[in-house]
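What follows is a set of notes on a single structure, which appears directly below.
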Amino acid sequence: MSHHLVEARGLTHVYEDGTVALDDVSFRITHGESVAIIGANGAGKSTLLLHLNGHLHPTRGDVRIGETPLTKQTLPAIRRTVGLVFQDPDDQLFMPTVYDDVAFGPRNQGLPEEEVGKRVQEALERVGVWAVRSKPPYRLSGGEKKRVAIAGVLAMAPDILVMDEPTSGLDPHGRRQLIGLLAAFSHTRIFTSHDLDMVLELCPRTIVLLAGAVMADGPTREIFTDDELLSRCMLERPLAMQACPACGKRKL
Amino acid sequence: MSGPSVFAALVEFRQLDLLATQPSAIHRLDARAKVIVTLAFIICVMSFGRYAVAPLLPFFAFPVLVAGWARLPSRLLLRKIAMVIPVALLIALPNPFFDRETLLRVGGIGISGGWISLVSILLRALLAAAAAIVLVAVTGFPAICGALERLGMPRTLAVQLLFLYRYLAVLGEEALRMTTARELRGGGRPLSIRLYGVLIGRLLMRTWDRAERIYLAMCARGFVGDFNSGQRSVFGLREGVYVVGWCGFFLLLRTQDVAYRVGQAFLGLLP
């Protein structure tokens with residue numbers, strides 16, 4: 001049995017006002033896969049992510065993590081397995097110092113302080129921001145905040161990393177470093193993003209959502225060459241797969 | 001404009017938490033000792049009669065000594081403490097109008113009871129604010145909530161208190177953003193009452209949304225309503241001495257008019 005498995009079966013979510021945010025979504029993501037969930041604004045990406053961690057409950061269908069169905073009883077275990085990094089790090093970082101913030105998760109897991117310290121140091125060193133550990137999070141740059149937010153989740157040692165728009169709001173350098181960092185992880189990874197070039201680099205597999213339904217699920221490169229599909233889903237090829245504006249040549 | 005500066009001060013309030021990470025001897029004390037002493041201080045100060053002014057003055061020794069001992073930056077603290085002055089004045093301002101009986105004559109000018117009680121209220125507000133702010137600066141708000149819980153406050157209430165503190169900063173940030181956006185396009189015109197209402201409503205909705213996202217993020221990291229500040233400190237001899245020492249000092253100031261005696265002794269020294 002693998003804990004690293006994520007499966008949605010007939011997942012449907014209807015918000016209270018009647019909006020159908022997810023419509024019969026099914027997929028199975030296996031151990032160590034890196035998968036992108038893409039789609040236009042309002043396609044249901046964030047709603048889907050919030051189901052993977054039990055923040056939202058499906059109207060119909062179910063979610064399984066490993067072989068465990070997501071229920072109220074299994075929620076604490078599932079949240080240990082699935083680490084969710086939010087889009088805006090300011091929503092996530094709230095303790096007075098970086099160190100305390102990263103320690104928040106492990107302390108909630110009831111780990112002894114020694115182990116907490118080890119986990120915090122490992123996580124902060126992994127993302128390269130151990131040096132700012134005693135700073136308050138709101139004094140950090142956008143890129144550092146993102147790294148600390150990721151460290152906060154890494155410190156809980158999840159098997160599955162789920163990230164909402166990891167590269168949004170980062171400068172090119174910060175974005176490049178983050179992509180390098182994420183590529184080095186061996187977790188099962190699920191990203192939502194509008195940064196299709198990042199998707200191309202990080203995710204061999206892509207799931208395309210439109211109005212809450214799965215339009216395509218397959219190898220990223222195939223999906224990004226299906227211009228009809230992309231335009232129907234209000235997307236376009238990543239820049240790396242478009243013709244060069246200066247010489248008209250394609251890089252990929 | 002006063003609006004943004006008040007919100008900026010709210011945001012700035014987080015600096016106090018940062019001060020709480022310093023390594024002074026007072027910082028290292030168990031949070032419960034500091035909470036108990038501060039509560040005792042505030043109760044003591046509040047228990048004086050309505051016209052008490054001089055007996056209150058020696059109480060300033062407590063926040064001043066603790067702040068000095070913990071090497072807190074005095075300017076920052078004074079700015080924070082001064083924030084209570086408008087609130088205290090608002091409460092005390094009617095007093096001079098209702099209480100006109102002359103209680104004191106200084107150089108032929110009669111001072112009414114209302115003015116004396118106004119000064120008394122102001123002093124008490126400053127003392128209480130100073131004690132509370134120094135407490136946050138040497139302890140940190142999360143640790144204070146943890147201490148209150150360990151002292152017997154229901155956990156739910158202590159967690160609510162922590163959230164309130166966290167969301168206050170969030171509210172300040174949102175308000176700051178909104179006032180900036182308005183000022184940029186407001187052409188320097190003052191805000192109409194109607195627009196004020198709209199802004200406050202929007203602020204509430206935005207804060208609500210954000211608070212919810214923060215709560216989600218906390219749950220995602222295993223938050224189930226418990227405090228886990230890491231340092232599970234013990235209430236030892238140092239803490240005992242700290243509590244007994246300060247409480248004894250407060251009791252002395254409460255029962256003996258120290259200001260008066262010092263004044264008398266000083267006069268006695270004069271030829």
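Going by the structure tokens order, chains are called A, B, ..., each with residues numbered from 1, while ligands are numbered from 1 in the order shown.
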
Which residues of chain B have any atom within 10 Å of an atom in chain A when counting only C-alpha atoms, and what is the closest pair of atoms for each, with the distance in Å to one decimal? Order the rows by chain and rising number and write it as CSV.
```
residue,atom,partner,partner_atom,distance
B:Arg14,CA,A:Pro96,CA,7.5
B:Gln15,CA,A:Pro136,CA,8.7
B:Leu16,CA,A:Pro96,CA,9.3
B:Asp17,CA,A:Pro96,CA,5.9
B:Leu18,CA,A:Pro96,CA,6.2
B:Leu19,CA,A:Pro96,CA,9.7
B:Ala20,CA,A:Pro96,CA,9.0
B:Thr21,CA,A:Ser134,CA,8.5
B:Gly140,CA,A:Pro96,CA,8.3
B:Phe141,CA,A:Pro96,CA,9.1
B:Pro142,CA,A:Met95,CA,8.5
B:Arg166,CA,A:Phe94,CA,7.4
B:Tyr167,CA,A:Phe94,CA,9.9
B:Ala169,CA,A:Phe94,CA,9.9
B:Val170,CA,A:Asp91,CA,9.5
B:Arg210,CA,A:Asp91,CA,7.1
B:Ala211,CA,A:Asp91,CA,8.1
B:Glu212,CA,A:Asp91,CA,9.1
B:Arg213,CA,A:Asp91,CA,6.1
B:Ile214,CA,A:Asp91,CA,4.8
B:Tyr215,CA,A:Asp91,CA,8.5
B:Leu216,CA,A:His55,CA,7.1
B:Ala217,CA,A:Gln92,CA,5.3
B:Met218,CA,A:Gln92,CA,7.0
B:Cys219,CA,A:Arg79,CA,8.3
B:Ala220,CA,A:Arg79,CA,6.1
B:Arg221,CA,A:Gly105,CA,4.7
B:Gly222,CA,A:Asn108,CA,5.6
B:Phe223,CA,A:Asn108,CA,5.9
B:Val224,CA,A:Asn108,CA,7.8
B:Gly225,CA,A:Asn108,CA,9.2
B:Asp226,CA,A:Asn108,CA,7.5
B:Phe227,CA,A:Asn108,CA,8.0
B:Asn228,CA,A:Arg107,CA,5.7
B:Ser229,CA,A:Arg107,CA,7.6
B:Gly230,CA,A:Glu113,CA,6.1
B:Gln231,CA,A:Glu113,CA,7.8
B:Arg232,CA,A:Glu113,CA,9.4
```

Restricting the output to N, CA and C atoms, write the selected residues as a CSV table (one decimal), in the first residue's frame.
```csv
chain,number,residue,atom,x,y,z
B,14,ARG,N,2.9,44.4,15.6
B,14,ARG,CA,3.6,43.1,15.6
B,14,ARG,C,5.1,43.2,16.0
B,15,GLN,N,5.6,44.5,15.9
B,15,GLN,CA,7.0,44.6,16.4
B,15,GLN,C,7.1,44.2,17.8
B,16,LEU,N,6.1,44.4,18.6
B,16,LEU,CA,6.2,44.0,20.0
B,16,LEU,C,6.5,42.5,20.1
B,17,ASP,N,5.9,41.7,19.2
B,17,ASP,CA,6.1,40.3,19.3
B,17,ASP,C,7.6,40.0,19.0
B,18,LEU,N,8.2,40.8,18.2
B,18,LEU,CA,9.6,40.6,17.8
B,18,LEU,C,10.5,40.9,19.0
B,19,LEU,N,10.1,41.9,19.8
B,19,LEU,CA,10.9,42.3,21.0
B,19,LEU,C,10.8,41.1,21.9
B,20,ALA,N,9.7,40.3,21.9
B,20,ALA,CA,9.6,39.2,22.8
B,20,ALA,C,10.5,38.1,22.6
B,21,THR,N,11.3,38.1,21.5
B,21,THR,CA,12.2,37.0,21.2
B,21,THR,C,13.6,37.3,21.8
B,140,GLY,N,5.4,38.1,24.5
B,140,GLY,CA,4.9,37.7,23.2
B,140,GLY,C,3.5,37.2,23.4
B,141,PHE,N,2.6,37.7,22.4
B,141,PHE,CA,1.2,37.4,22.6
B,141,PHE,C,0.8,35.9,22.6
B,142,PRO,N,1.4,35.1,21.7
B,142,PRO,CA,1.1,33.7,21.8
B,142,PRO,C,1.4,33.0,23.1
B,166,ARG,N,-4.2,38.1,16.0
B,166,ARG,CA,-3.7,37.9,14.7
B,166,ARG,C,-4.6,38.6,13.6
B,167,TYR,N,-5.9,38.6,13.8
B,167,TYR,CA,-6.8,39.2,12.9
B,167,TYR,C,-6.8,40.7,12.9
B,169,ALA,N,-4.1,42.5,13.2
B,169,ALA,CA,-3.1,42.9,12.3
B,169,ALA,C,-3.5,42.7,10.9
B,170,VAL,N,-4.3,41.7,10.6
B,170,VAL,CA,-4.8,41.5,9.2
B,170,VAL,C,-5.8,42.6,8.9
B,210,ARG,N,-10.0,36.8,4.3
B,210,ARG,CA,-8.6,36.6,4.5
B,210,ARG,C,-8.4,35.8,5.8
B,211,ALA,N,-9.3,36.1,6.8
B,211,ALA,CA,-9.2,35.4,8.1
B,211,ALA,C,-9.5,33.9,7.8
B,212,GLU,N,-10.5,33.7,6.9
B,212,GLU,CA,-10.8,32.3,6.6
B,212,GLU,C,-9.7,31.6,5.9
B,213,ARG,N,-9.0,32.3,5.0
B,213,ARG,CA,-7.8,31.6,4.3
B,213,ARG,C,-6.7,31.3,5.3
B,214,ILE,N,-6.5,32.2,6.3
B,214,ILE,CA,-5.5,32.0,7.3
B,214,ILE,C,-5.9,30.8,8.1
B,215,TYR,N,-7.1,30.7,8.5
B,215,TYR,CA,-7.6,29.6,9.3
B,215,TYR,C,-7.4,28.3,8.5
B,216,LEU,N,-7.7,28.3,7.2
B,216,LEU,CA,-7.5,27.1,6.4
B,216,LEU,C,-6.1,26.7,6.4
B,217,ALA,N,-5.2,27.7,6.3
B,217,ALA,CA,-3.8,27.4,6.2
B,217,ALA,C,-3.3,26.8,7.5
B,218,MET,N,-3.9,27.3,8.6
B,218,MET,CA,-3.5,26.7,10.0
B,218,MET,C,-4.0,25.3,10.1
B,219,CYS,N,-5.2,25.0,9.6
B,219,CYS,CA,-5.7,23.7,9.7
B,219,CYS,C,-4.9,22.7,8.8
B,220,ALA,N,-4.4,23.2,7.7
B,220,ALA,CA,-3.6,22.4,6.8
B,220,ALA,C,-2.3,22.0,7.5
B,221,ARG,N,-1.9,22.7,8.5
B,221,ARG,CA,-0.7,22.3,9.2
B,221,ARG,C,-1.1,21.7,10.6
B,222,GLY,N,-2.2,21.1,10.6
B,222,GLY,CA,-2.6,20.3,11.8
B,222,GLY,C,-3.1,21.0,13.0
B,223,PHE,N,-3.5,22.3,12.8
B,223,PHE,CA,-4.1,23.0,13.9
B,223,PHE,C,-5.4,22.5,14.3
B,224,VAL,N,-5.6,22.1,15.6
B,224,VAL,CA,-6.9,21.6,16.1
B,224,VAL,C,-7.3,22.3,17.3
B,225,GLY,N,-6.7,23.5,17.6
B,225,GLY,CA,-7.1,24.3,18.7
B,225,GLY,C,-6.3,24.1,19.9
B,226,ASP,N,-5.1,23.6,19.8
B,226,ASP,CA,-4.2,23.5,20.9
B,226,ASP,C,-3.0,24.5,20.8
B,227,PHE,N,-2.5,24.8,21.9
B,227,PHE,CA,-1.3,25.6,21.9
B,227,PHE,C,0.0,24.8,22.0
B,228,ASN,N,0.9,25.1,21.1
B,228,ASN,CA,2.1,24.3,21.2
B,228,ASN,C,3.2,25.3,21.0
B,229,SER,N,3.5,26.1,22.0
B,229,SER,CA,4.5,27.1,21.8
B,229,SER,C,5.9,26.6,21.9
B,230,GLY,N,6.1,25.3,22.2
B,230,GLY,CA,7.4,24.7,22.2
B,230,GLY,C,8.0,24.7,23.5
B,231,GLN,N,8.3,25.9,24.1
B,231,GLN,CA,9.0,25.9,25.4
B,231,GLN,C,7.9,25.7,26.5
B,232,ARG,N,8.0,24.6,27.1
B,232,ARG,CA,7.1,24.3,28.2
B,232,ARG,C,7.8,24.6,29.5
```

Subject >> In segment 47-267 of chain B, DSSP alpha helix (DSSP H) residues written as an NGL selection string >> reply: :B and (61-69 or 74-82 or 84-92 or 95-98 or 113-139 or 141-150 or 155-186 or 193-220 or 237-255 or 258-267)

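We find atom CA of Cys233 of chain A and atom CA of Ala213 of chain A to be spaced 10.7 Å apart.
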
Subject >> Spatial neighbours of Ile207 of chain A, 6 Å, only C-alpha atoms, chain gap at least 6 places, as a PyMOL selection string >> reply: chain A and resi 37+216-217

How would the residues just chosen look if you wrote them out with C-alpha atoms as an mmCIF file, in the first residue's frame?
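So out-v5.cif came out as:
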```
data_model
loop_
_atom_site.group_PDB
_atom_site.id
_atom_site.type_symbol
_atom_site.label_atom_id
_atom_site.label_comp_id
_atom_site.auth_asym_id
_atom_site.auth_seq_id
_atom_site.Cartn_x
_atom_site.Cartn_y
_atom_site.Cartn_z
ATOM 1 C CA ILE A 37 -3.732 21.074 -12.955
ATOM 2 C CA ALA A 216 -7.851 16.445 -20.966
ATOM 3 C CA ASP A 217 -5.513 14.326 -18.845
#
```

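When DSSP is run on the backbone, the residues of segment 61-118 of chain B that fall into strand (DSSP E or B) are Thr102, Leu103, Leu104, Arg105, Val106, Ile109, Gly110, Ile111 and Ser112 of chain B.
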
Can you write out the residues you just picked, keeping C-alpha atoms, as a PDB file, in the first residue's frame?
```
ATOM      1  CA  THR B 102     -13.953  72.652  43.759  1.00  0.00           C
ATOM      2  CA  LEU B 103     -11.652  70.232  45.539  1.00  0.00           C
ATOM      3  CA  LEU B 104      -8.307  71.929  45.344  1.00  0.00           C
ATOM      4  CA  ARG B 105      -6.975  75.466  45.156  1.00  0.00           C
ATOM      5  CA  VAL B 106      -3.636  76.122  43.525  1.00  0.00           C
ATOM      6  CA  ILE B 109      -7.410  78.990  41.058  1.00  0.00           C
ATOM      7  CA  GLY B 110     -10.045  76.429  42.019  1.00  0.00           C
ATOM      8  CA  ILE B 111      -9.706  72.987  40.467  1.00  0.00           C
ATOM      9  CA  SER B 112     -12.923  71.009  40.289  1.00  0.00           C
TER      10      SER B 112
END
```
